[in-house]
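Everything below belongs to input05.pdb, which stores PDB, C-alpha atoms, pLDDT in the B column.
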```
ATOM      1  CA  MET A   1     -22.666 -26.742  -6.317  1.00 34.00           C
ATOM      2  CA  PHE A   2     -22.239 -23.024  -6.743  1.00 31.00           C
ATOM      3  CA  ALA A   3     -18.927 -22.962  -4.863  1.00 35.00           C
ATOM      4  CA  ALA A   4     -16.944 -23.767  -8.006  1.00 35.00           C
ATOM      5  CA  PHE A   5     -18.165 -20.551  -9.581  1.00 33.00           C
ATOM      6  CA  ALA A   6     -17.571 -18.277  -6.588  1.00 36.00           C
ATOM      7  CA  PRO A   7     -15.133 -15.459  -7.366  1.00 41.00           C
ATOM      8  CA  ARG A   8     -11.843 -15.316  -5.504  1.00 47.00           C
ATOM      9  CA  PRO A   9     -11.653 -12.850  -2.557  1.00 45.00           C
ATOM     10  CA  ALA A  10      -9.335 -10.519  -4.415  1.00 45.00           C
ATOM     11  CA  ARG A  11     -11.777 -10.447  -7.301  1.00 50.00           C
ATOM     12  CA  LEU A  12     -14.594  -9.626  -4.894  1.00 44.00           C
ATOM     13  CA  VAL A  13     -12.600  -6.693  -3.584  1.00 44.00           C
ATOM     14  CA  THR A  14     -11.848  -5.509  -7.103  1.00 45.00           C
ATOM     15  CA  LEU A  15     -15.505  -5.826  -8.082  1.00 43.00           C
ATOM     16  CA  ALA A  16     -16.660  -3.920  -4.998  1.00 44.00           C
ATOM     17  CA  VAL A  17     -14.164  -1.144  -5.585  1.00 44.00           C
ATOM     18  CA  THR A  18     -15.076  -0.934  -9.259  1.00 44.00           C
ATOM     19  CA  LEU A  19     -18.745  -0.517  -8.370  1.00 41.00           C
ATOM     20  CA  LEU A  20     -17.953   2.135  -5.788  1.00 44.00           C
ATOM     21  CA  ALA A  21     -15.705   3.927  -8.232  1.00 42.00           C
ATOM     22  CA  ALA A  22     -18.537   4.118 -10.736  1.00 40.00           C
ATOM     23  CA  VAL A  23     -20.683   5.841  -8.114  1.00 41.00           C
ATOM     24  CA  ALA A  24     -18.051   8.015  -6.464  1.00 41.00           C
ATOM     25  CA  SER A  25     -16.337   9.146  -9.653  1.00 41.00           C
ATOM     26  CA  SER A  26     -19.426  11.053 -10.707  1.00 44.00           C
ATOM     27  CA  CYS A  27     -19.343  13.175  -7.550  1.00 60.00           C
ATOM     28  CA  SER A  28     -17.193  15.808  -5.940  1.00 71.00           C
ATOM     29  CA  TYR A  29     -15.574  15.098  -2.606  1.00 62.00           C
ATOM     30  CA  ARG A  30     -18.100  15.892   0.133  1.00 61.00           C
ATOM     31  CA  GLY A  31     -15.936  15.651   3.239  1.00 57.00           C
ATOM     32  CA  ARG A  32     -16.399  11.997   4.203  1.00 61.00           C
ATOM     33  CA  ASP A  33     -13.587  10.627   6.364  1.00 60.00           C
ATOM     34  CA  ASP A  34     -12.836   7.469   4.444  1.00 57.00           C
ATOM     35  CA  ALA A  35     -10.103   6.489   2.023  1.00 56.00           C
ATOM     36  CA  ILE A  36     -12.478   5.325  -0.692  1.00 61.00           C
ATOM     37  CA  SER A  37     -14.106   8.748  -0.990  1.00 61.00           C
ATOM     38  CA  GLN A  38     -10.637  10.276  -1.072  1.00 61.00           C
ATOM     39  CA  ARG A  39      -9.263   7.911  -3.697  1.00 63.00           C
ATOM     40  CA  PHE A  40     -12.148   8.123  -6.129  1.00 70.00           C
ATOM     41  CA  THR A  41     -12.627  11.874  -5.835  1.00 80.00           C
ATOM     42  CA  TRP A  42      -8.922  12.514  -5.436  1.00 86.00           C
ATOM     43  CA  PHE A  43      -8.625  15.650  -7.559  1.00 89.00           C
ATOM     44  CA  SER A  44     -11.694  17.197  -5.945  1.00 91.00           C
ATOM     45  CA  TYR A  45     -10.288  16.278  -2.518  1.00 92.00           C
ATOM     46  CA  MET A  46      -6.914  17.890  -3.265  1.00 93.00           C
ATOM     47  CA  ASN A  47      -8.665  20.932  -4.687  1.00 94.00           C
ATOM     48  CA  GLY A  48     -10.589  21.265  -1.410  1.00 94.00           C
ATOM     49  CA  ASP A  49     -13.974  21.475  -3.126  1.00 93.00           C
ATOM     50  CA  ASP A  50     -15.797  20.679   0.126  1.00 93.00           C
ATOM     51  CA  ILE A  51     -13.828  23.372   1.975  1.00 96.00           C
ATOM     52  CA  ARG A  52     -14.479  25.886  -0.807  1.00 95.00           C
ATOM     53  CA  ALA A  53     -18.222  25.239  -0.682  1.00 94.00           C
ATOM     54  CA  ALA A  54     -18.322  26.111   3.017  1.00 94.00           C
ATOM     55  CA  CYS A  55     -15.822  28.984   2.938  1.00 96.00           C
ATOM     56  CA  VAL A  56     -17.999  32.039   3.474  1.00 94.00           C
ATOM     57  CA  PRO A  57     -17.613  35.047   5.783  1.00 94.00           C
ATOM     58  CA  GLY A  58     -17.817  33.785   9.356  1.00 93.00           C
ATOM     59  CA  ALA A  59     -16.914  30.187   8.456  1.00 93.00           C
ATOM     60  CA  VAL A  60     -14.618  28.227  10.746  1.00 93.00           C
ATOM     61  CA  ASP A  61     -10.978  27.956   9.696  1.00 95.00           C
ATOM     62  CA  ARG A  62     -10.056  24.680   7.995  1.00 97.00           C
ATOM     63  CA  PHE A  63      -6.829  23.379   6.513  1.00 98.00           C
ATOM     64  CA  ARG A  64      -5.936  20.479   4.217  1.00 97.00           C
ATOM     65  CA  PHE A  65      -2.516  19.357   3.069  1.00 98.00           C
ATOM     66  CA  VAL A  66      -1.617  16.512   0.716  1.00 97.00           C
ATOM     67  CA  TYR A  67       1.812  15.052   0.085  1.00 98.00           C
ATOM     68  CA  ASN A  68       2.245  13.044  -3.098  1.00 96.00           C
ATOM     69  CA  GLY A  69       5.262  10.802  -2.696  1.00 96.00           C
ATOM     70  CA  VAL A  70       4.774   9.082  -6.081  1.00 95.00           C
ATOM     71  CA  TYR A  71       1.059   8.305  -5.971  1.00 92.00           C
ATOM     72  CA  ILE A  72       1.217   4.514  -6.230  1.00 90.00           C
ATOM     73  CA  GLN A  73       3.901   4.413  -3.528  1.00 92.00           C
ATOM     74  CA  GLN A  74       2.586   6.863  -0.944  1.00 94.00           C
ATOM     75  CA  ALA A  75       0.151   9.723  -0.455  1.00 94.00           C
ATOM     76  CA  ARG A  76      -0.307  11.478   2.878  1.00 95.00           C
ATOM     77  CA  THR A  77      -3.331  13.600   3.799  1.00 95.00           C
ATOM     78  CA  TYR A  78      -3.783  16.020   6.697  1.00 97.00           C
ATOM     79  CA  ASP A  79      -7.124  17.622   7.544  1.00 96.00           C
ATOM     80  CA  LEU A  80      -7.395  20.218  10.295  1.00 97.00           C
ATOM     81  CA  SER A  81     -10.740  21.515  11.549  1.00 95.00           C
ATOM     82  CA  PRO A  82     -12.247  22.615  14.871  1.00 94.00           C
ATOM     83  CA  HIS A  83     -12.616  19.721  17.297  1.00 92.00           C
ATOM     84  CA  PRO A  84     -16.209  18.420  17.594  1.00 88.00           C
ATOM     85  CA  SER A  85     -15.992  19.044  21.354  1.00 86.00           C
ATOM     86  CA  GLY A  86     -15.508  22.744  20.668  1.00 83.00           C
ATOM     87  CA  GLU A  87     -12.059  22.742  22.261  1.00 87.00           C
ATOM     88  CA  GLY A  88      -9.007  23.060  20.040  1.00 91.00           C
ATOM     89  CA  TYR A  89      -8.535  21.540  16.615  1.00 96.00           C
ATOM     90  CA  LEU A  90      -8.598  17.969  15.387  1.00 96.00           C
ATOM     91  CA  LEU A  91      -5.885  16.793  13.014  1.00 97.00           C
ATOM     92  CA  ARG A  92      -6.932  13.781  10.940  1.00 95.00           C
ATOM     93  CA  ALA A  93      -4.038  12.168   9.101  1.00 95.00           C
ATOM     94  CA  ARG A  94      -4.016   9.284   6.662  1.00 92.00           C
ATOM     95  CA  VAL A  95      -1.186   7.506   4.860  1.00 93.00           C
ATOM     96  CA  LEU A  96      -2.185   5.748   1.652  1.00 89.00           C
ATOM     97  CA  GLY A  97       0.128   3.228   0.051  1.00 84.00           C
ATOM     98  CA  PRO A  98       0.018   0.338  -2.389  1.00 76.00           C
ATOM     99  CA  SER A  99      -3.092  -1.824  -2.069  1.00 51.00           C
ATOM    100  CA  ASP A 100      -2.030  -5.491  -2.093  1.00 41.00           C
ATOM    101  CA  LEU A 101      -4.939  -7.781  -2.998  1.00 40.00           C
ATOM    102  CA  SER A 102      -2.863 -10.947  -3.389  1.00 42.00           C
ATOM    103  CA  ASN A 103      -3.344 -12.181   0.181  1.00 41.00           C
ATOM    104  CA  VAL A 104      -6.841 -10.894   0.928  1.00 42.00           C
ATOM    105  CA  GLN A 105      -8.852 -13.341   3.037  1.00 45.00           C
ATOM    106  CA  ILE A 106     -12.581 -12.661   3.187  1.00 44.00           C
ATOM    107  CA  ASP A 107     -15.450 -14.623   4.673  1.00 47.00           C
ATOM    108  CA  PRO A 108     -18.261 -14.723   2.070  1.00 51.00           C
ATOM    109  CA  ALA A 109     -20.666 -13.642   4.824  1.00 50.00           C
ATOM    110  CA  THR A 110     -18.808 -10.335   4.872  1.00 43.00           C
ATOM    111  CA  ILE A 111     -20.420  -9.375   1.589  1.00 42.00           C
ATOM    112  CA  ILE A 112     -23.815  -9.466   3.308  1.00 45.00           C
ATOM    113  CA  ASN A 113     -22.968  -8.445   6.872  1.00 46.00           C
ATOM    114  CA  ASP A 114     -20.478  -5.610   6.311  1.00 43.00           C
ATOM    115  CA  PRO A 115     -19.549  -4.966   2.661  1.00 44.00           C
ATOM    116  CA  LEU A 116     -17.203  -2.110   3.637  1.00 43.00           C
ATOM    117  CA  ASP A 117     -14.802  -4.701   5.101  1.00 42.00           C
ATOM    118  CA  LEU A 118     -14.026  -5.595   1.497  1.00 43.00           C
ATOM    119  CA  LEU A 119     -12.344  -2.223   1.174  1.00 46.00           C
ATOM    120  CA  ALA A 120      -9.830  -2.699   4.000  1.00 45.00           C
ATOM    121  CA  PRO A 121      -6.827  -3.080   1.630  1.00 46.00           C
ATOM    122  CA  PHE A 122      -7.515   0.440   0.329  1.00 52.00           C
ATOM    123  CA  ALA A 123      -8.063   2.186   3.664  1.00 61.00           C
ATOM    124  CA  GLY A 124      -4.508   3.237   4.469  1.00 75.00           C
ATOM    125  CA  ARG A 125      -3.467   4.011   8.043  1.00 87.00           C
ATOM    126  CA  LYS A 126      -5.311   6.698   9.956  1.00 89.00           C
ATOM    127  CA  SER A 127      -4.332   8.684  13.020  1.00 93.00           C
ATOM    128  CA  SER A 128      -5.673  11.725  14.817  1.00 95.00           C
ATOM    129  CA  LEU A 129      -4.428  14.289  17.296  1.00 96.00           C
ATOM    130  CA  THR A 130      -6.011  17.154  19.204  1.00 96.00           C
ATOM    131  CA  LEU A 131      -4.179  20.455  18.781  1.00 97.00           C
ATOM    132  CA  GLY A 132      -4.434  23.716  20.686  1.00 95.00           C
ATOM    133  CA  GLY A 133      -4.522  27.337  19.639  1.00 92.00           C
ATOM    134  CA  ARG A 134      -0.753  27.702  19.943  1.00 95.00           C
ATOM    135  CA  ASP A 135      -0.288  24.788  17.549  1.00 96.00           C
ATOM    136  CA  ILE A 136      -2.498  26.488  14.974  1.00 95.00           C
ATOM    137  CA  ASP A 137      -0.602  29.744  15.459  1.00 95.00           C
ATOM    138  CA  ALA A 138       2.637  27.846  14.867  1.00 97.00           C
ATOM    139  CA  LEU A 139       1.177  26.290  11.726  1.00 97.00           C
ATOM    140  CA  VAL A 140       0.019  29.626  10.319  1.00 96.00           C
ATOM    141  CA  GLY A 141       3.435  31.140  11.072  1.00 97.00           C
ATOM    142  CA  SER A 142       5.089  28.239   9.265  1.00 98.00           C
ATOM    143  CA  LEU A 143       2.732  28.704   6.311  1.00 98.00           C
ATOM    144  CA  VAL A 144       3.745  32.346   6.095  1.00 97.00           C
ATOM    145  CA  GLN A 145       7.409  31.356   6.203  1.00 97.00           C
ATOM    146  CA  SER A 146       6.782  28.718   3.520  1.00 97.00           C
ATOM    147  CA  GLY A 147       5.208  31.226   1.149  1.00 96.00           C
ATOM    148  CA  PHE A 148       1.834  29.495   1.301  1.00 97.00           C
ATOM    149  CA  PHE A 149      -0.054  32.787   1.059  1.00 96.00           C
ATOM    150  CA  GLN A 150       1.837  33.934  -2.024  1.00 96.00           C
ATOM    151  CA  PRO A 151       0.233  33.438  -5.456  1.00 95.00           C
ATOM    152  CA  ALA A 152       0.092  29.815  -6.593  1.00 96.00           C
ATOM    153  CA  PRO A 153       2.491  28.838  -9.428  1.00 96.00           C
ATOM    154  CA  SER A 154      -0.156  28.957 -12.183  1.00 96.00           C
ATOM    155  CA  GLY A 155       0.680  26.602 -15.027  1.00 96.00           C
ATOM    156  CA  LEU A 156       2.728  24.198 -12.901  1.00 97.00           C
ATOM    157  CA  TYR A 157       2.201  20.552 -13.867  1.00 96.00           C
ATOM    158  CA  LEU A 158       1.936  17.942 -11.120  1.00 97.00           C
ATOM    159  CA  ARG A 159       2.208  14.296 -12.145  1.00 95.00           C
ATOM    160  CA  SER A 160       1.377  11.188 -10.169  1.00 93.00           C
ATOM    161  CA  GLU A 161       5.058  10.188 -10.450  1.00 94.00           C
ATOM    162  CA  ASP A 162       6.186  13.443  -8.802  1.00 97.00           C
ATOM    163  CA  PHE A 163       6.915  14.460  -5.243  1.00 98.00           C
ATOM    164  CA  PHE A 164       4.822  17.493  -4.289  1.00 98.00           C
ATOM    165  CA  TRP A 165       2.818  19.216  -1.572  1.00 98.00           C
ATOM    166  CA  VAL A 166      -0.618  20.750  -2.110  1.00 98.00           C
ATOM    167  CA  GLY A 167      -2.400  22.879   0.484  1.00 98.00           C
ATOM    168  CA  VAL A 168      -5.854  24.441   0.702  1.00 98.00           C
ATOM    169  CA  ALA A 169      -7.245  26.476   3.565  1.00 97.00           C
ATOM    170  CA  CYS A 170     -10.228  28.579   4.489  1.00 97.00           C
ATOM    171  CA  ILE A 171      -8.982  31.271   6.874  1.00 95.00           C
ATOM    172  CA  ASN A 172     -11.197  34.129   7.999  1.00 94.00           C
ATOM    173  CA  GLY A 173     -13.680  33.189   5.292  1.00 95.00           C
ATOM    174  CA  ARG A 174     -11.126  33.376   2.451  1.00 95.00           C
ATOM    175  CA  MET A 175      -9.715  30.505   0.394  1.00 96.00           C
ATOM    176  CA  THR A 176      -6.020  29.969  -0.105  1.00 97.00           C
ATOM    177  CA  PHE A 177      -4.455  27.371  -2.371  1.00 98.00           C
ATOM    178  CA  ASN A 178      -0.865  26.565  -3.221  1.00 98.00           C
ATOM    179  CA  ALA A 179       1.354  23.795  -4.529  1.00 98.00           C
ATOM    180  CA  ARG A 180       5.071  23.035  -4.521  1.00 98.00           C
ATOM    181  CA  ARG A 181       6.843  20.379  -6.612  1.00 98.00           C
ATOM    182  CA  TRP A 182      10.268  18.843  -6.017  1.00 98.00           C
ATOM    183  CA  PRO A 183      12.934  19.675  -7.072  1.00 97.00           C
ATOM    184  CA  SER A 184      12.642  23.415  -6.647  1.00 97.00           C
ATOM    185  CA  GLN A 185      13.769  26.139  -4.268  1.00 96.00           C
ATOM    186  CA  ARG A 186      10.133  26.723  -3.329  1.00 96.00           C
ATOM    187  CA  PHE A 187       9.770  23.087  -2.303  1.00 97.00           C
ATOM    188  CA  GLU A 188      12.962  23.175  -0.268  1.00 97.00           C
ATOM    189  CA  ALA A 189      11.750  26.350   1.481  1.00 96.00           C
ATOM    190  CA  LEU A 190       8.685  24.602   2.933  1.00 98.00           C
ATOM    191  CA  THR A 191       8.707  24.400   6.726  1.00 97.00           C
ATOM    192  CA  PHE A 192       5.115  23.409   7.522  1.00 98.00           C
ATOM    193  CA  PRO A 193       5.664  19.735   6.514  1.00 98.00           C
ATOM    194  CA  ARG A 194       7.965  19.295   9.510  1.00 97.00           C
ATOM    195  CA  LEU A 195       5.148  20.401  11.807  1.00 97.00           C
ATOM    196  CA  LEU A 196       2.628  18.082  10.179  1.00 98.00           C
ATOM    197  CA  LEU A 197       4.996  15.129  10.332  1.00 97.00           C
ATOM    198  CA  SER A 198       5.735  15.835  14.005  1.00 97.00           C
ATOM    199  CA  TRP A 199       1.981  15.604  14.681  1.00 97.00           C
ATOM    200  CA  ASP A 200       1.521  12.513  12.497  1.00 96.00           C
ATOM    201  CA  GLN A 201       0.830   9.500  14.719  1.00 94.00           C
ATOM    202  CA  SER A 202       0.776   6.893  11.925  1.00 93.00           C
ATOM    203  CA  GLY A 203       4.350   5.730  12.516  1.00 93.00           C
ATOM    204  CA  ILE A 204       4.918   5.485   8.741  1.00 94.00           C
ATOM    205  CA  PRO A 205       7.968   7.420   7.500  1.00 95.00           C
ATOM    206  CA  ILE A 206       7.587   9.779   4.590  1.00 96.00           C
ATOM    207  CA  ASN A 207       8.602   8.579   1.140  1.00 96.00           C
ATOM    208  CA  PRO A 208      11.424  11.086   0.537  1.00 97.00           C
ATOM    209  CA  PRO A 209      11.861  13.050  -2.691  1.00 97.00           C
ATOM    210  CA  ARG A 210      14.456  11.560  -5.025  1.00 96.00           C
ATOM    211  CA  ASN A 211      15.059  10.901  -8.697  1.00 96.00           C
ATOM    212  CA  LEU A 212      13.241   7.788  -9.897  1.00 94.00           C
ATOM    213  CA  ALA A 213      13.067   6.173 -13.307  1.00 90.00           C
ATOM    214  CA  PRO A 214       9.807   4.556 -14.495  1.00 87.00           C
ATOM    215  CA  PHE A 215      11.282   1.132 -13.727  1.00 88.00           C
ATOM    216  CA  ASP A 216      11.978   2.221 -10.137  1.00 90.00           C
ATOM    217  CA  ILE A 217       8.305   3.177  -9.751  1.00 89.00           C
ATOM    218  CA  TYR A 218       6.452   0.521 -11.715  1.00 86.00           C
ATOM    219  CA  GLY A 219       8.919  -2.338 -11.980  1.00 83.00           C
ATOM    220  CA  GLN A 220       8.788  -1.973 -15.759  1.00 74.00           C
ATOM    221  CA  SER A 221       9.891   0.635 -18.249  1.00 72.00           C
ATOM    222  CA  ASN A 222       6.460   1.139 -19.801  1.00 69.00           C
ATOM    223  CA  PRO A 223       3.487   0.776 -17.408  1.00 69.00           C
ATOM    224  CA  ASP A 224       1.099   1.375 -20.345  1.00 71.00           C
ATOM    225  CA  GLY A 225      -1.912   2.439 -18.297  1.00 68.00           C
ATOM    226  CA  LYS A 226      -1.739  -0.446 -15.836  1.00 72.00           C
ATOM    227  CA  TYR A 227      -1.505   1.893 -12.840  1.00 77.00           C
ATOM    228  CA  PRO A 228      -3.344   5.055 -11.765  1.00 78.00           C
ATOM    229  CA  GLN A 229      -1.566   7.968 -13.437  1.00 84.00           C
ATOM    230  CA  PHE A 230      -2.507  11.603 -13.674  1.00 90.00           C
ATOM    231  CA  THR A 231      -1.279  15.066 -14.562  1.00 93.00           C
ATOM    232  CA  MET A 232      -2.826  18.119 -12.935  1.00 94.00           C
ATOM    233  CA  THR A 233      -2.333  21.771 -13.797  1.00 96.00           C
ATOM    234  CA  VAL A 234      -2.169  24.458 -11.113  1.00 97.00           C
ATOM    235  CA  GLY A 235      -4.389  27.477 -11.705  1.00 95.00           C
ATOM    236  CA  GLU A 236      -4.524  30.815  -9.932  1.00 91.00           C
ATOM    237  CA  ASN A 237      -6.371  29.513  -6.871  1.00 93.00           C
ATOM    238  CA  GLY A 238      -6.944  25.821  -7.523  1.00 95.00           C
ATOM    239  CA  PHE A 239      -6.517  23.120 -10.119  1.00 95.00           C
ATOM    240  CA  ARG A 240      -7.691  23.656 -13.656  1.00 91.00           C
ATOM    241  CA  GLY A 241     -10.390  21.297 -14.907  1.00 78.00           C
ATOM    242  CA  VAL A 242     -10.709  19.205 -11.751  1.00 67.00           C
ATOM    243  CA  GLY A 243     -12.215  15.797 -12.520  1.00 51.00           C
ATOM    244  CA  THR A 244     -11.955  12.297 -11.071  1.00 46.00           C
ATOM    245  CA  LEU A 245      -9.055   9.872 -10.824  1.00 48.00           C
ATOM    246  CA  PHE A 246     -10.874   6.831 -12.224  1.00 43.00           C
TER     247      PHE A 246
END
```

So, in terms of structure tokens, how does the structure I just supplied come out?
Amino acid sequence: MFAAFAPRPARLVTLAVTLLAAVASSCSYRGRDDAISQRFTWFSYMNGDDIRAACVPGAVDRFRFVYNGVYIQQARTYDLSPHPSGEGYLLRARVLGPSDLSNVQIDPATIINDPLDLLAPFAGRKSSLTLGGRDIDALVGSLVQSGFFQPAPSGLYLRSEDFFWVGVACINGRMTFNARRWPSQRFEALTFPRLLLSWDQSGIPINPPRNLAPFDIYGQSNPDGKYPQFTMTVGENGFRGVGTLF
């Protein structure tokens, strides 16, 4: 007789995500390889807080790049760190897009047996690739060419509706951070995205930079807080006042 009061699958997903958000939003990103940790500690993830915490003299080199192609449409993440086998580097890529809950089908037993299955609509598409030393050399050379090691554009605003790249890296025990927003000459001068996209095995094309009106993004002229929206400010070597997305 309880069946009539059972929540719909989509509501179960929303409830599960809301509960996780309440827990995750109070924390900084700690390096977990899952989309939920990324989404609910998004600013901390983009700021590379986990990389910063481990970036000391003698630390292994690590890289992270994020492409915001209008946040609710597409976000792409690229994490590069030494391969667990000790040979080469491992590139972990993820493409996050809209999370459609309208057609979610969930067995109620899932809630007990494997609650994380509820989060599948939010997981995005993952891929990975092993890279060699020459690949990393090519990446570093492309970063130099892209101006990645120049001072970050302090004061630059990055909005969820924008197209931009953010990069953080620990190289030789020193942190580097930079950001580039479209349209700008600095954005157009970036060459490292071509390398990352050539290594991306997801099969999902990039959402290209272009002029979009609010209606083009949200399907309405005034979204009025119905979608995740944010504005971040670039500091000298990271984001100012990093918090949580939700």

Checklist line | the PyMOL selection byres ((chain A and resi 81) around 7) resolved against shown file, as a ChimeraX atom specification | finding: /A:61-63,79-80,82-83,89-91

Note to self: Please enumerate the residues selected by the PyMOL selection byres ((chain A and resi 232) around 7) when evaluated against the supplied file, formatted as a VMD selection string.
What the structure shows: chain A and resid 157 to 159 230 to 231 233 to 234 239

Would you put the residues from that selection into a file with C-alpha atoms, as a JSON list (two decimals), in the frame of the given file?
```json
[["chain", "number", "residue", "atom", "x", "y", "z"],
["A", 157, "TYR", "CA", 2.20, 20.55, -13.87],
["A", 158, "LEU", "CA", 1.94, 17.94, -11.12],
["A", 159, "ARG", "CA", 2.21, 14.30, -12.14],
["A", 230, "PHE", "CA", -2.51, 11.60, -13.67],
["A", 231, "THR", "CA", -1.28, 15.07, -14.56],
["A", 233, "THR", "CA", -2.33, 21.77, -13.80],
["A", 234, "VAL", "CA", -2.17, 24.46, -11.11],
["A", 239, "PHE", "CA", -6.52, 23.12, -10.12]]
```

Neighbouring residues of A:Gln145 were defined as those with any atom within 8 Å, considering only C-alpha atoms; residues of the same chain fewer than 4 positions away were excluded. Please report them as a PDB file with C-alpha atoms, keeping the file's coordinate frame.
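result_11.pdb was written with the following content:
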```
ATOM      1  CA  GLY A 141       3.435  31.140  11.072  1.00 97.00           C
ATOM      2  CA  LEU A 190       8.685  24.602   2.933  1.00 98.00           C
ATOM      3  CA  THR A 191       8.707  24.400   6.726  1.00 97.00           C
TER       4      THR A 191
END
```

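Note that atom CA of A:Tyr45 and atom CA of A:Asn68 are 13.0 Å apart.
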
Checklist line | Point-to-point distance from atom CA of A:Lys126 to atom CA of A:Gln201, Å rounded to tenths | finding: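 Separating atom CA of A:Lys126 from atom CA of A:Gln201 is a distance of 8.3 Å.
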